[in-house]
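Q: The structure's right below; bear with me while I get my questions together.
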Amino acid sequence: MRIRIVDAFTDRPFAGNPAGVVLLESWPAEEWLRRVAAEVNLSETAFAVPLTGRDDADFALRWLTPATEVELCGHATLATAHVLYTTGTAAGRVRFATRSGVVATEQGAGGAITLDFPAAPPTPVPAPPGLAGRLGAEPLGVYDTGPGLGDLLVELADEATVAGLDPRPDPHEKIIVTAPAAGPGAGYDFVSRCFFPGVGIAKDPVTGSAHTALGPLWAERTGRARLTGRQISARGGTVAVEVRGDRTLLSGTAVTVIEGELLAGPDQAVGSQST
């Protein structure tokens, strides 16, 4: 079968967030999925299976990190949609059945792909003990993003503070940090960085799911439903956001960087390994 590496939320190779994408005919053994994700060793690898007999979804979609399965992933969904559209496997609006309900994608005339995701409006909460010390910066606000996302959202003073962080988060934490853009000429409205050691990702390059909480936060602050976020990782990426009630639309482009043959197929026996 074919396996692809797709850079998402970018218009050029070697930027944005890379994701593995594997299109399957049916679900293989769970252990095989986990081993492929560990072998690919990216933030997420997406596995998609076509659905028949369902009126509300066209594909089943799962996202696995090298360590665990996640509830929601934006960049790997964008990468999967990009593969479906560029290979002619699907067209128009594509609906995916996921652990977070049905999400959908649609490609615009200019090639950008829009993801229709559930919103995760943040709720103010007290800062966990020692958070400022672990981040190396004093939070202006701390928010819970709800059970669907499960991240801690932390607002910091400014873009420079976000860019300069060298945090030491707790091994079980999943933290999004954010601040307003440095100025009106930046080309984006807010910045973010994401640290997810709780799911085996020390620093995520560009995190679509985080923008389901970042969008509502900054929409409330600015009074605007349409915003642009910039994740200021080493690779960097841009996410266009539109808040529509209980949904958040995330838009971006993607580039296939690697396409190859996956030789260790799901029919190959998977045994225990000794160490």
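Labels for the structure tokens follow display order: chains A, B, ..., residues from 1 in each chain, ligands from 1.
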Can you tell me which residues surround Gly74 in chain A at a distance of at most 7 Å, considering only C-alpha atoms, apart from same-chain residues fewer than 4 positions away, and format the answer as a list of chain:residue names?

A: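 Answer for this query is A:Leu78, A:Thr207, A:Gly208, A:Ser209.
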
Q: With only C-alpha atoms as the counted atoms, please give the residues lying no more than 9 Å from Tyr143 in chain A, apart from itself and same-chain residues fewer than 2 positions off, as a ChimeraX atom specification.

A: /A:122-127,141,145,151-155

Q: Please provide as number ranges by chain all residues within 8 Å of Val94 in chain A, with the sequence filter that same-chain residues fewer than 3 positions apart are discarded (counting only C-alpha atoms).

A: A: 57-59, 81, 90-91, 104-106

Q: I need the residues from that last selection saved to file as a short mmCIF file (atom, residue, chain, number, x, y, z; two decimals), in the first residue's frame (with N, CA and C atoms), if you can.

A:
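Writing the result to part.cif gives the following:
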```
data_model
loop_
_atom_site.label_atom_id
_atom_site.label_comp_id
_atom_site.auth_asym_id
_atom_site.auth_seq_id
_atom_site.Cartn_x
_atom_site.Cartn_y
_atom_site.Cartn_z
N ALA A 57 -21.21 10.02 7.01
CA ALA A 57 -19.75 10.06 6.89
C ALA A 57 -19.30 9.21 5.70
N ASP A 58 -18.19 9.64 5.08
CA ASP A 58 -17.63 8.97 3.91
C ASP A 58 -16.43 8.09 4.25
N PHE A 59 -15.68 8.50 5.28
CA PHE A 59 -14.50 7.76 5.71
C PHE A 59 -14.46 7.72 7.23
N ALA A 81 -7.07 14.90 3.76
CA ALA A 81 -7.92 15.49 2.73
C ALA A 81 -7.10 15.85 1.50
N ALA A 90 -11.38 11.34 -3.71
CA ALA A 90 -12.60 12.02 -3.24
C ALA A 90 -12.62 13.43 -3.81
N ALA A 91 -13.81 14.02 -3.80
CA ALA A 91 -13.97 15.40 -4.27
C ALA A 91 -15.09 16.05 -3.48
N ALA A 104 -15.57 17.49 8.77
CA ALA A 104 -15.66 17.54 7.30
C ALA A 104 -14.56 18.44 6.74
N THR A 105 -14.23 18.18 5.47
CA THR A 105 -13.27 19.02 4.76
C THR A 105 -13.84 19.38 3.39
N GLU A 106 -13.37 20.50 2.87
CA GLU A 106 -13.78 20.92 1.53
C GLU A 106 -12.68 21.76 0.93
#
```

Q: Per residue of range 221-274 of chain A within 12 Å of range 17-30 of chain A, note the shortest atom pair and the distance in Å to one decimal, counting only C-alpha atoms, and order the rows by chain and increasing residue number, as a Markdown table.

A:
```
| residue | atom | partner | partner_atom | distance |
| --- | --- | --- | --- | --- |
| A:Gln231 | CA | A:Asn17 | CA | 10.2 |
| A:Ile232 | CA | A:Asn17 | CA | 11.6 |
| A:Ser233 | CA | A:Asn17 | CA | 9.6 |
| A:Ala234 | CA | A:Asn17 | CA | 10.3 |
| A:Arg235 | CA | A:Asn17 | CA | 7.4 |
| A:Gly236 | CA | A:Asn17 | CA | 7.9 |
| A:Gly237 | CA | A:Asn17 | CA | 7.4 |
| A:Thr238 | CA | A:Asn17 | CA | 10.3 |
| A:Val239 | CA | A:Asn17 | CA | 11.4 |
| A:Gly252 | CA | A:Asn17 | CA | 11.4 |
| A:Thr253 | CA | A:Asn17 | CA | 11.0 |
| A:Ala254 | CA | A:Asn17 | CA | 9.2 |
| A:Val255 | CA | A:Pro18 | CA | 9.2 |
| A:Thr256 | CA | A:Pro18 | CA | 9.1 |
| A:Val257 | CA | A:Pro18 | CA | 8.8 |
| A:Ile258 | CA | A:Gly20 | CA | 9.3 |
| A:Glu259 | CA | A:Val21 | CA | 9.5 |
| A:Gly260 | CA | A:Val22 | CA | 10.5 |
| A:Glu261 | CA | A:Val22 | CA | 10.3 |
| A:Leu262 | CA | A:Val22 | CA | 9.0 |
| A:Gly265 | CA | A:Pro28 | CA | 9.1 |
| A:Pro266 | CA | A:Pro28 | CA | 5.7 |
| A:Asp267 | CA | A:Pro28 | CA | 7.9 |
| A:Gln268 | CA | A:Ala29 | CA | 10.1 |
| A:Ala269 | CA | A:Ala29 | CA | 9.7 |
| A:Val270 | CA | A:Ala29 | CA | 8.8 |
| A:Gly271 | CA | A:Ala29 | CA | 11.6 |
```

Q: Restricting the calculation to only C-alpha atoms: of A:Asp56, A:Asp170, A:Glu44, A:Asp204, which residue gets closest to Glu71 in chain A?

A: A:Glu44

Q: Which parts of range 160-260 of chain A does DSSP call strand (DSSP E) when run on the backbone here, written out as a ChimeraX atom specification?

A: /A:175-180,190-196,201-204,226-231,237-244,247-252,254-260

Q: If you measure from CA of Thr212 in chain A to CA of Phe196 in chain A, what distance in Å do you get, rounded to one decimal?

A: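 Straight-line distance from CA of Thr212 in chain A to CA of Phe196 in chain A works out to 16.1 Å.
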
Q: Check the DSSP output for the backbone and give back, as a list in words, the residues of range 137-199 of chain A in helix (DSSP H, G or I).

A: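 Result set for range 137-199 of chain A (helix (DSSP H, G or I)): Glu159, Ala160, Thr161, Val162, Ala163, Pro197, Gly198 and Val199 of chain A.
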
Q: Just give me the gap between CA of Gly148 in chain A and CA of Ala8 in chain A in Å, one decimal is fine.

A: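 Computed distance, CA of Gly148 in chain A to CA of Ala8 in chain A, equals 22.0 Å.
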
Q: Give me the residues of range 104-159 of chain A that have any atom at most 10 Å from an atom of range 180-188 of chain A; for each, the nearest atom pair and the distance in Å, rounded to one decimal. Use only C-alpha atoms, sort by chain and number, and format it as JSON lines.

A:
```
{"residue": "A:Glu155", "atom": "CA", "partner": "A:Pro180", "partner_atom": "CA", "distance": 9.0}
{"residue": "A:Leu156", "atom": "CA", "partner": "A:Pro180", "partner_atom": "CA", "distance": 8.7}
{"residue": "A:Ala157", "atom": "CA", "partner": "A:Pro180", "partner_atom": "CA", "distance": 8.1}
{"residue": "A:Asp158", "atom": "CA", "partner": "A:Pro180", "partner_atom": "CA", "distance": 6.1}
{"residue": "A:Glu159", "atom": "CA", "partner": "A:Ala182", "partner_atom": "CA", "distance": 5.6}
```

Q: Can you write out the residues you just picked, keeping N, CA, C and O atoms, as a compact mmCIF listing (two decimals), in the first residue's frame?

A:
```txt
# COMPACT_ATOMS: atom_id res chain seq x y z
N GLU A 155 -2.48 32.18 28.24
CA GLU A 155 -2.24 33.45 27.57
C GLU A 155 -1.03 34.13 28.21
O GLU A 155 -0.94 34.25 29.44
N LEU A 156 -0.11 34.59 27.35
CA LEU A 156 1.09 35.28 27.80
C LEU A 156 1.07 36.74 27.33
O LEU A 156 0.19 37.14 26.57
N ALA A 157 2.04 37.50 27.77
CA ALA A 157 2.00 38.95 27.59
C ALA A 157 2.09 39.39 26.14
O ALA A 157 1.37 40.28 25.71
N ASP A 158 2.98 38.77 25.37
CA ASP A 158 3.22 39.27 24.02
C ASP A 158 3.89 38.19 23.18
O ASP A 158 4.30 37.13 23.66
N GLU A 159 4.00 38.49 21.89
CA GLU A 159 4.56 37.53 20.93
C GLU A 159 6.01 37.17 21.28
O GLU A 159 6.43 36.01 21.16
```

Q: With only C-alpha atoms as the basis for distance, which of A:Ala225, A:Ala15, A:Leu249, A:Leu64 is at the shortest distance from His211 in chain A?

A: A:Leu249

Q: Near Gly136 in chain A, counting only C-alpha atoms, which residues have an atom at most 10 Å away, once you skip same-chain residues fewer than 3 positions from it, shown as an MDAnalysis selection string?

A: chainID A and resid 130:133 139 161 164:169

Q: Of the residues A:Lys174, A:Val102, A:Arg62, A:Leu84, which is the one nearest to Ala202 in chain A, using only C-alpha atoms?

A: A:Lys174

Q: Considering only C-alpha atoms, return as a list of chain:residue names whatever protein or nucleic-acid residues lie within 9 Å of Thr65 in chain A, sequence-local ones (same chain, fewer than 3 positions apart) excluded.

A: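 Within the cut-off, the hits are A:Arg34, A:Ala37, A:Ala38, A:Asn41, A:Leu42, A:Ser43, A:Glu44, A:Thr45, A:Thr68, A:Glu69, A:Val70, A:Val199, A:Gly200, A:Ile201.
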
Q: Would you output that residue set with C-alpha atoms, as a short mmCIF file (atom, residue, chain, number, x, y, z; two decimals), in the first residue's frame?

A:
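out_8.cif written:
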```
data_model
loop_
_atom_site.label_atom_id
_atom_site.label_comp_id
_atom_site.auth_asym_id
_atom_site.auth_seq_id
_atom_site.Cartn_x
_atom_site.Cartn_y
_atom_site.Cartn_z
CA ARG A 34 0.54 1.67 16.48
CA ALA A 37 2.79 5.40 13.70
CA ALA A 38 5.87 4.68 15.81
CA ASN A 41 7.66 8.93 14.16
CA LEU A 42 5.86 12.19 13.36
CA SER A 43 3.44 14.11 15.56
CA GLU A 44 0.58 12.15 13.99
CA THR A 45 -0.04 9.52 11.36
CA THR A 68 -0.92 7.02 21.70
CA GLU A 69 -4.14 7.71 19.81
CA VAL A 70 -5.55 11.25 20.00
CA VAL A 199 0.91 12.43 24.22
CA GLY A 200 4.59 12.06 23.35
CA ILE A 201 5.03 15.35 21.43
#
```

Q: One decimal, Å: what's the distance from CA of Ser100 in chain A over to CA of Pro205 in chain A, could you say?

A: 21.9 Å
